[in-house]
Amino acid sequence: MNHCCLWLLLFTCLLQATNVECLLPSFSLRRHHPLHQSPYTRNHDFQSCLFQQTSQRNWDHHENTTTTTTTTIEDSIGVANEFKGNRIRFRGRVAYDGSGFRGWQVQSRGRTCQGVLEQVLSLRFNRPVKIVGAGRTDAGVHARGQAFHFDLHPDEVVTSKGQNDVDPSSPTDKADYYESFCHQLQRSLNRLLEQDIRVYNVMRTPTSSSSSSSFLTMDDSNDPCSDTSSTELEWHSIYRAKQKLYTYRISLKPNAITCHPLQRYTRVHVDGDIDPEHLQRILRHYEGEHDFRAFAGAIEANLRKDGLEHKNTVRTVYSVDLIDEGESGHYRIEILLKGALYKMVRNMVGTALDVCKGRLSEEAMLQMLHHCSDDDSEEVNGKKQFSRVDNKCKPAPPEGLTLEKVYYDDEFF
């Protein structure tokens with residue numbers, strides 16, 4: 001009994017003299033760690049909490065240690081002097097099944113593609129990391145070749161390869177070092193991501209020896225996560241994009257009675273009798289440069305949100321093809337364009353299908369496509385300026401749409 005009382009007294013004194021949180025970290029921290037939560041709860045709420053709790057602390061710590069760490073890396077792997085104190089830009093591709101996402105862009109609530117990518121990057125580097133995507137996709141829309149970029153500090157570019165084994169004067173050794181880092185980063189990100197989204201082709205962005213603005217210095221902005229224009233950074237996922245390829249998968253009667261259950265999230269069954277040749281002819285009207293104001297959603301709302309008075313709604317469509325996929329009644333619409341407005345591709349497909357169904361005349365569609373594009377008047381030279389309100393056709397469902405690829409000058413990306 002005396003021994004028990006003595007041990008109890010010692011344990012009580014120890015608890016009073018020591019922080020209990022330090023003695024029992026598993027009870028206080030484990031249940032709050034994102035990897036111990038349900039996969040469906042690791043959403044934007046965790047991202048906001050992470051930013052609020054760690055951003056100031058980690059950035060203050062980083063500012064105090066950047067100089068020493070950067071110097072070590074420069075001495076080890078021969079990073080050029082122009083990179084000193086700068087951030088290094090990386091890019092990557094991402095494929096995702098849009099069924100479980102509320103679109104690409106981060107929202108106040110709901111799971112988004114940009115949100116989960118920023119979560120795992122922030123978790124990986126223990127600080128807030130922002131990404132910039134080549135374009136936005138709606139809720140339920142898929143992607144195979146979406147592109148994005150993000151910036152890291154030089155001292156964060158560390159691999160398991162020994163830095164002493166790298167020759168500072170060898171460009172090949174430095175390239176291999178970055179390639180090894182990107183491979184390890186890509187592997188760690190995919191381990192943190194859920195199975196409906198995967199990143200690939202993570203690599204360092206191209207640099208130009210003739211341009212000194214390839215990287216943004218820390219002195220250029222007070223916010224280390226702020227986005228910049230294409231004039232400040234050489235490679236940008238939005239401004240460097242040349243073309244985008246979208247596909248929309250449909251099944252048509254009479255060969256396809258209904259949508260295959262295994263493709264219900266990636267293909268849309270079209271009711272009504274539609275002649276594929278007629279549909280191809282209607283789709284070809286979209287080719288060329290047109291004002292797609294009548295085929296874009298929420299133009300006025302986006303203008304108010306962005307604080308703009310006018311928006312250029314003229315877009316260039318290079319080709320629109322209807323491809324028979326070989327299976328009974330399965331077709332794929334391929335749309336290659338320069339850039340798209342909000343819901344523009346879905347409205348293009350939905351309007352073309354309604355024309356084939358007889359719900360809208362072909363002449364009315366051409367009027368909306370070849371209307372006046374003057375923002376200052378509703379009618380010029382007898383041509384009315386149509387808007388989305390004048391187009392009564394509904395957009396095609398999102399599950400049939402896929403962003404196949406964003407094209408850049410670099411054919412290897």
# chains A, B, ... in the order shown; residues from 1 in each chain; ligands from 1
call {"tool": "select_by_dssp", "arguments": {"residues": "stretch 114-160 of chain A", "states": "strand (DSSP E)", "output": "PyMOL selection string"}}
result
chain A and resi 132-133+142-152
call {"tool": "select_by_dssp", "arguments": {"residues": "stretch 114-207 of chain A", "states": "helix (DSSP H, G or I)", "output": "number ranges by chain"}}
result
A: 114-125, 154-156, 163-165, 171-192
call {"tool": "closest_atom_pairs", "arguments": {"of": "stretch 116-194 of chain A", "to": "stretch 341-364 of chain A", "cutoff": "9 Å", "atoms": "only C-alpha atoms", "output": "Markdown table"}}
result
| residue | atom | partner | partner_atom | distance |
| --- | --- | --- | --- | --- |
| A:Arg136 | CA | A:Tyr342 | CA | 8.3 |
| A:Thr137 | CA | A:Lys343 | CA | 8.5 |
| A:Asp138 | CA | A:Lys343 | CA | 7.6 |
call {"tool": "closest_residue", "arguments": {"among": "A:Asp321, A:Val268, A:Ala256, A:Thr313", "to": "A:Arg281", "atoms": "only C-alpha atoms"}}
result
A:Asp321
call {"tool": "residues_around", "arguments": {"residues": "stretch 108-115 of chain A", "least_positions_apart": "2", "cutoff": "12 Å", "atoms": "only C-alpha atoms", "output": "PyMOL selection string"}}
result
chain A and resi 39-48+94-106+117-122+128-143+146-150+193-194+196-199
call {"tool": "write_last_selection", "arguments": {"atoms": "C-alpha atoms", "output": "PDB file, in the first residue's frame"}}
result
ATOM      1  CA  PRO A  39     -11.148  10.256 -46.586  1.00  0.00           C
ATOM      2  CA  TYR A  40     -14.294  12.207 -47.356  1.00  0.00           C
ATOM      3  CA  THR A  41     -13.669  14.725 -44.568  1.00  0.00           C
ATOM      4  CA  ARG A  42     -10.260  15.776 -45.883  1.00  0.00           C
ATOM      5  CA  ASN A  43     -11.643  18.711 -47.813  1.00  0.00           C
ATOM      6  CA  HIS A  44     -11.423  22.475 -47.846  1.00  0.00           C
ATOM      7  CA  ASP A  45     -12.167  22.662 -44.116  1.00  0.00           C
ATOM      8  CA  PHE A  46      -8.823  21.026 -43.348  1.00  0.00           C
ATOM      9  CA  GLN A  47      -7.103  23.336 -45.826  1.00  0.00           C
ATOM     10  CA  SER A  48      -8.497  26.433 -44.111  1.00  0.00           C
ATOM     11  CA  VAL A  94      -3.565  15.800 -63.177  1.00  0.00           C
ATOM     12  CA  ALA A  95      -6.292  13.310 -64.083  1.00  0.00           C
ATOM     13  CA  TYR A  96      -9.455  13.001 -62.051  1.00  0.00           C
ATOM     14  CA  ASP A  97     -12.907  11.491 -61.998  1.00  0.00           C
ATOM     15  CA  GLY A  98     -15.105  14.532 -61.551  1.00  0.00           C
ATOM     16  CA  SER A  99     -18.005  12.585 -60.049  1.00  0.00           C
ATOM     17  CA  GLY A 100     -16.770  13.185 -56.497  1.00  0.00           C
ATOM     18  CA  PHE A 101     -15.752  16.825 -56.947  1.00  0.00           C
ATOM     19  CA  ARG A 102     -17.620  20.096 -57.001  1.00  0.00           C
ATOM     20  CA  GLY A 103     -15.473  21.384 -59.808  1.00  0.00           C
ATOM     21  CA  TRP A 104     -11.856  22.446 -60.093  1.00  0.00           C
ATOM     22  CA  GLN A 105     -11.753  25.772 -58.259  1.00  0.00           C
ATOM     23  CA  VAL A 106     -11.522  25.998 -54.481  1.00  0.00           C
ATOM     24  CA  LEU A 117      -4.062  19.227 -54.504  1.00  0.00           C
ATOM     25  CA  GLU A 118      -3.276  22.255 -52.371  1.00  0.00           C
ATOM     26  CA  GLN A 119      -4.007  20.209 -49.263  1.00  0.00           C
ATOM     27  CA  VAL A 120      -1.494  17.482 -50.037  1.00  0.00           C
ATOM     28  CA  LEU A 121       1.157  19.974 -51.200  1.00  0.00           C
ATOM     29  CA  SER A 122       0.673  22.007 -48.022  1.00  0.00           C
ATOM     30  CA  PRO A 128       0.446  26.756 -47.537  1.00  0.00           C
ATOM     31  CA  VAL A 129       1.146  25.975 -51.198  1.00  0.00           C
ATOM     32  CA  LYS A 130      -1.103  27.437 -53.907  1.00  0.00           C
ATOM     33  CA  ILE A 131      -1.490  25.977 -57.394  1.00  0.00           C
ATOM     34  CA  VAL A 132      -2.723  27.536 -60.640  1.00  0.00           C
ATOM     35  CA  GLY A 133      -4.666  25.355 -63.064  1.00  0.00           C
ATOM     36  CA  ALA A 134      -4.853  25.790 -66.819  1.00  0.00           C
ATOM     37  CA  GLY A 135      -8.646  26.031 -66.648  1.00  0.00           C
ATOM     38  CA  ARG A 136     -11.689  25.398 -64.531  1.00  0.00           C
ATOM     39  CA  THR A 137     -13.999  22.431 -64.872  1.00  0.00           C
ATOM     40  CA  ASP A 138     -17.554  22.211 -63.569  1.00  0.00           C
ATOM     41  CA  ALA A 139     -18.825  19.793 -60.983  1.00  0.00           C
ATOM     42  CA  GLY A 140     -18.969  16.299 -62.454  1.00  0.00           C
ATOM     43  CA  VAL A 141     -16.631  17.079 -65.368  1.00  0.00           C
ATOM     44  CA  HIS A 142     -13.603  14.807 -65.754  1.00  0.00           C
ATOM     45  CA  ALA A 143     -10.021  15.437 -66.870  1.00  0.00           C
ATOM     46  CA  GLN A 146      -5.378  19.096 -66.853  1.00  0.00           C
ATOM     47  CA  ALA A 147      -2.224  21.163 -66.229  1.00  0.00           C
ATOM     48  CA  PHE A 148      -1.145  23.160 -63.181  1.00  0.00           C
ATOM     49  CA  HIS A 149       1.910  24.859 -61.707  1.00  0.00           C
ATOM     50  CA  PHE A 150       3.188  25.782 -58.251  1.00  0.00           C
ATOM     51  CA  LEU A 193      -4.385  11.630 -52.721  1.00  0.00           C
ATOM     52  CA  GLU A 194      -7.493   9.513 -52.979  1.00  0.00           C
ATOM     53  CA  ASP A 196     -10.163   9.332 -57.970  1.00  0.00           C
ATOM     54  CA  ILE A 197      -7.384  11.860 -58.627  1.00  0.00           C
ATOM     55  CA  ARG A 198      -3.756  11.337 -59.682  1.00  0.00           C
ATOM     56  CA  VAL A 199      -0.896  13.634 -60.668  1.00  0.00           C
TER      57      VAL A 199
END
call {"tool": "residues_around", "arguments": {"residues": "stretch 283-292 of chain A", "least_positions_apart": "4", "cutoff": "7 Å", "atoms": "only C-alpha atoms", "output": "ChimeraX atom specification"}}
result
/A:279,296,313-320,352,369-370,373
call {"tool": "write_last_selection", "arguments": {"atoms": "all heavy atoms", "output": "compact mmCIF listing (two decimals), in the first residue's frame"}}
result
# COMPACT_ATOMS: atom_id res chain seq x y z
N LEU A 279 -25.96 15.46 -87.00
CA LEU A 279 -25.28 16.03 -85.84
C LEU A 279 -23.89 16.53 -86.20
O LEU A 279 -23.48 17.61 -85.77
CB LEU A 279 -25.20 14.98 -84.72
CG LEU A 279 -24.47 15.40 -83.44
CD1 LEU A 279 -25.10 16.62 -82.82
CD2 LEU A 279 -24.42 14.25 -82.44
N ALA A 296 -22.46 30.88 -73.33
CA ALA A 296 -21.70 30.95 -72.08
C ALA A 296 -22.64 31.20 -70.93
O ALA A 296 -23.65 31.91 -71.06
CB ALA A 296 -20.64 32.05 -72.16
N THR A 313 -16.06 37.81 -75.36
CA THR A 313 -16.67 36.49 -75.49
C THR A 313 -16.38 35.86 -76.85
O THR A 313 -17.02 34.86 -77.22
CB THR A 313 -18.19 36.58 -75.28
OG1 THR A 313 -18.73 37.58 -76.17
CG2 THR A 313 -18.50 36.95 -73.85
N VAL A 314 -15.46 36.41 -77.60
CA VAL A 314 -15.06 35.84 -78.89
C VAL A 314 -14.03 34.74 -78.64
O VAL A 314 -13.01 34.98 -77.99
CB VAL A 314 -14.50 36.92 -79.83
CG1 VAL A 314 -14.02 36.29 -81.14
CG2 VAL A 314 -15.54 38.00 -80.10
N ARG A 315 -14.30 33.57 -79.17
CA ARG A 315 -13.40 32.44 -79.01
C ARG A 315 -13.19 31.75 -80.35
O ARG A 315 -14.04 31.85 -81.26
CB ARG A 315 -13.96 31.42 -77.99
CG ARG A 315 -14.05 31.96 -76.57
CD ARG A 315 -12.68 32.23 -75.99
NE ARG A 315 -12.73 32.64 -74.59
CZ ARG A 315 -12.83 33.90 -74.19
NH1 ARG A 315 -12.93 34.87 -75.09
NH2 ARG A 315 -12.85 34.19 -72.91
N THR A 316 -12.06 31.04 -80.46
CA THR A 316 -11.70 30.34 -81.69
C THR A 316 -11.81 28.83 -81.47
O THR A 316 -11.19 28.30 -80.55
CB THR A 316 -10.28 30.69 -82.14
OG1 THR A 316 -10.19 32.11 -82.36
CG2 THR A 316 -9.93 29.97 -83.43
N VAL A 317 -12.60 28.18 -82.33
CA VAL A 317 -12.74 26.73 -82.31
C VAL A 317 -12.06 26.19 -83.56
O VAL A 317 -12.43 26.53 -84.68
CB VAL A 317 -14.22 26.31 -82.27
CG1 VAL A 317 -14.34 24.79 -82.31
CG2 VAL A 317 -14.90 26.86 -81.01
N TYR A 318 -11.05 25.36 -83.38
CA TYR A 318 -10.27 24.86 -84.51
C TYR A 318 -10.97 23.71 -85.23
O TYR A 318 -10.94 23.64 -86.46
CB TYR A 318 -8.89 24.42 -84.03
CG TYR A 318 -8.08 25.54 -83.43
CD1 TYR A 318 -7.87 25.62 -82.05
CD2 TYR A 318 -7.54 26.55 -84.22
CE1 TYR A 318 -7.13 26.65 -81.49
CE2 TYR A 318 -6.80 27.59 -83.67
CZ TYR A 318 -6.60 27.63 -82.30
OH TYR A 318 -5.89 28.66 -81.75
N SER A 319 -11.57 22.81 -84.49
CA SER A 319 -12.24 21.66 -85.13
C SER A 319 -13.25 21.07 -84.17
O SER A 319 -13.07 21.10 -82.95
CB SER A 319 -11.22 20.60 -85.56
OG SER A 319 -10.56 20.06 -84.42
N VAL A 320 -14.33 20.51 -84.75
CA VAL A 320 -15.35 19.78 -84.01
C VAL A 320 -15.67 18.53 -84.82
O VAL A 320 -16.15 18.62 -85.97
CB VAL A 320 -16.62 20.60 -83.77
CG1 VAL A 320 -17.60 19.82 -82.91
CG2 VAL A 320 -16.30 21.94 -83.14
N ALA A 352 -26.55 21.90 -80.02
CA ALA A 352 -26.49 21.07 -81.23
C ALA A 352 -27.45 19.89 -81.14
O ALA A 352 -28.12 19.53 -82.13
CB ALA A 352 -25.06 20.60 -81.46
N LEU A 369 -25.00 32.42 -83.21
CA LEU A 369 -23.57 32.21 -83.39
C LEU A 369 -22.91 33.34 -84.17
O LEU A 369 -21.75 33.69 -83.93
CB LEU A 369 -23.33 30.88 -84.10
CG LEU A 369 -21.91 30.31 -84.08
CD1 LEU A 369 -21.46 30.04 -82.65
CD2 LEU A 369 -21.84 29.04 -84.90
N HIS A 370 -23.65 33.95 -85.09
CA HIS A 370 -23.09 35.00 -85.96
C HIS A 370 -23.68 36.36 -85.65
O HIS A 370 -23.81 37.20 -86.53
CB HIS A 370 -23.37 34.65 -87.43
CG HIS A 370 -22.76 33.35 -87.86
ND1 HIS A 370 -23.33 32.54 -88.83
CD2 HIS A 370 -21.66 32.70 -87.42
CE1 HIS A 370 -22.58 31.46 -88.99
NE2 HIS A 370 -21.56 31.54 -88.13
N SER A 373 -21.23 41.43 -82.05
CA SER A 373 -20.36 41.25 -80.87
C SER A 373 -19.99 42.57 -80.22
O SER A 373 -19.05 42.64 -79.46
CB SER A 373 -19.08 40.52 -81.28
OG SER A 373 -18.37 41.25 -82.26
call {"tool": "closest_residue", "arguments": {"among": "A:Leu322, A:Ile250, A:Leu366, A:Val389", "to": "A:Leu401", "atoms": "only C-alpha atoms"}}
result
A:Ile250
call {"tool": "decode", "arguments": {"residues": "stretch 149-163 of chain A", "atoms": "all heavy atoms", "output": "tab-separated table (two decimals), in the first residue's frame"}}
result
chain	number	residue	atom	x	y	z
A	149	HIS	N	0.55	24.54	-62.14
A	149	HIS	CA	1.91	24.86	-61.71
A	149	HIS	C	1.88	25.37	-60.28
A	149	HIS	O	0.83	25.80	-59.77
A	149	HIS	CB	2.58	25.88	-62.64
A	149	HIS	CG	2.07	27.28	-62.49
A	149	HIS	ND1	1.22	27.89	-63.40
A	149	HIS	CD2	2.30	28.23	-61.53
A	149	HIS	CE1	0.95	29.13	-63.00
A	149	HIS	NE2	1.59	29.35	-61.87
A	150	PHE	N	3.04	25.31	-59.62
A	150	PHE	CA	3.19	25.78	-58.25
A	150	PHE	C	4.64	26.16	-58.04
A	150	PHE	O	5.52	25.76	-58.81
A	150	PHE	CB	2.74	24.72	-57.23
A	150	PHE	CG	3.48	23.42	-57.36
A	150	PHE	CD1	4.59	23.14	-56.57
A	150	PHE	CD2	3.06	22.45	-58.27
A	150	PHE	CE1	5.28	21.94	-56.68
A	150	PHE	CE2	3.75	21.24	-58.39
A	150	PHE	CZ	4.85	20.99	-57.60
A	151	ASP	N	4.91	26.93	-56.98
A	151	ASP	CA	6.25	27.44	-56.69
A	151	ASP	C	6.76	26.86	-55.38
A	151	ASP	O	6.00	26.75	-54.40
A	151	ASP	CB	6.26	28.96	-56.61
A	151	ASP	CG	5.88	29.61	-57.94
A	151	ASP	OD1	6.13	28.98	-58.99
A	151	ASP	OD2	5.33	30.73	-57.93
A	152	LEU	N	8.05	26.53	-55.35
A	152	LEU	CA	8.72	26.05	-54.15
A	152	LEU	C	9.97	26.88	-53.92
A	152	LEU	O	10.54	27.45	-54.85
A	152	LEU	CB	9.09	24.57	-54.28
A	152	LEU	CG	7.95	23.56	-54.44
A	152	LEU	CD1	8.51	22.16	-54.60
A	152	LEU	CD2	7.01	23.63	-53.24
A	153	HIS	N	10.40	26.90	-52.66
A	153	HIS	CA	11.66	27.55	-52.32
A	153	HIS	C	12.82	26.60	-52.59
A	153	HIS	O	12.67	25.38	-52.51
A	153	HIS	CB	11.64	27.99	-50.85
A	153	HIS	CG	10.67	29.08	-50.58
A	153	HIS	ND1	10.97	30.41	-50.76
A	153	HIS	CD2	9.38	29.04	-50.15
A	153	HIS	CE1	9.92	31.14	-50.43
A	153	HIS	NE2	8.94	30.33	-50.07
A	154	PRO	N	13.99	27.12	-52.90
A	154	PRO	CA	15.13	26.25	-53.21
A	154	PRO	C	15.46	25.26	-52.11
A	154	PRO	O	15.84	24.12	-52.39
A	154	PRO	CB	16.28	27.23	-53.44
A	154	PRO	CG	15.62	28.50	-53.88
A	154	PRO	CD	14.32	28.54	-53.11
A	155	ASP	N	15.31	25.67	-50.86
A	155	ASP	CA	15.67	24.76	-49.77
A	155	ASP	C	14.64	23.64	-49.59
A	155	ASP	O	14.88	22.71	-48.82
A	155	ASP	CB	15.83	25.54	-48.46
A	155	ASP	CG	14.54	26.20	-48.04
A	155	ASP	OD1	14.03	27.05	-48.81
A	155	ASP	OD2	14.03	25.89	-46.96
A	156	GLU	N	13.50	23.73	-50.30
A	156	GLU	CA	12.51	22.66	-50.24
A	156	GLU	C	12.75	21.59	-51.31
A	156	GLU	O	12.11	20.54	-51.27
A	156	GLU	CB	11.10	23.26	-50.42
A	156	GLU	CG	10.70	24.17	-49.28
A	156	GLU	CD	9.39	24.88	-49.55
A	156	GLU	OE1	9.12	25.19	-50.72
A	156	GLU	OE2	8.65	25.15	-48.58
A	157	VAL	N	13.64	21.86	-52.22
A	157	VAL	CA	13.94	20.91	-53.29
A	157	VAL	C	15.04	19.98	-52.79
A	157	VAL	O	16.23	20.18	-53.06
A	157	VAL	CB	14.35	21.63	-54.58
A	157	VAL	CG1	14.56	20.64	-55.71
A	157	VAL	CG2	13.29	22.66	-54.97
A	158	VAL	N	14.66	18.97	-52.06
A	158	VAL	CA	15.60	18.05	-51.43
A	158	VAL	C	15.16	16.62	-51.77
A	158	VAL	O	13.98	16.29	-51.67
A	158	VAL	CB	15.65	18.25	-49.91
A	158	VAL	CG1	16.62	17.25	-49.29
A	158	VAL	CG2	16.05	19.67	-49.57
A	159	THR	N	16.11	15.78	-52.16
A	159	THR	CA	15.81	14.39	-52.48
A	159	THR	C	16.62	13.47	-51.58
A	159	THR	O	17.50	13.91	-50.84
A	159	THR	CB	16.14	14.08	-53.96
A	159	THR	OG1	17.57	14.05	-54.12
A	159	THR	CG2	15.55	15.13	-54.87
A	160	SER	N	16.33	12.19	-51.69
A	160	SER	CA	17.06	11.20	-50.92
A	160	SER	C	18.45	10.96	-51.50
A	160	SER	O	19.28	10.34	-50.86
A	160	SER	CB	16.29	9.87	-50.89
A	160	SER	OG	16.06	9.41	-52.22
A	161	LYS	N	18.69	11.46	-52.71
A	161	LYS	CA	20.01	11.29	-53.32
A	161	LYS	C	21.02	12.18	-52.60
A	161	LYS	O	20.74	13.34	-52.30
A	161	LYS	CB	19.95	11.67	-54.80
A	161	LYS	CG	21.28	11.48	-55.53
A	161	LYS	CD	21.14	11.84	-57.01
A	161	LYS	CE	22.45	11.65	-57.74
A	161	LYS	NZ	22.34	11.99	-59.18
A	162	GLY	N	22.17	11.67	-52.34
A	162	GLY	CA	23.18	12.44	-51.63
A	162	GLY	C	23.63	13.65	-52.42
A	162	GLY	O	24.03	13.53	-53.58
A	163	GLN	N	23.57	14.82	-51.80
A	163	GLN	CA	23.95	16.03	-52.50
A	163	GLN	C	25.44	16.08	-52.79
A	163	GLN	O	25.88	16.72	-53.74
A	163	GLN	CB	23.53	17.26	-51.67
A	163	GLN	CG	22.03	17.37	-51.48
A	163	GLN	CD	21.66	18.54	-50.61
A	163	GLN	OE1	22.54	19.21	-50.06
A	163	GLN	NE2	20.37	18.80	-50.46
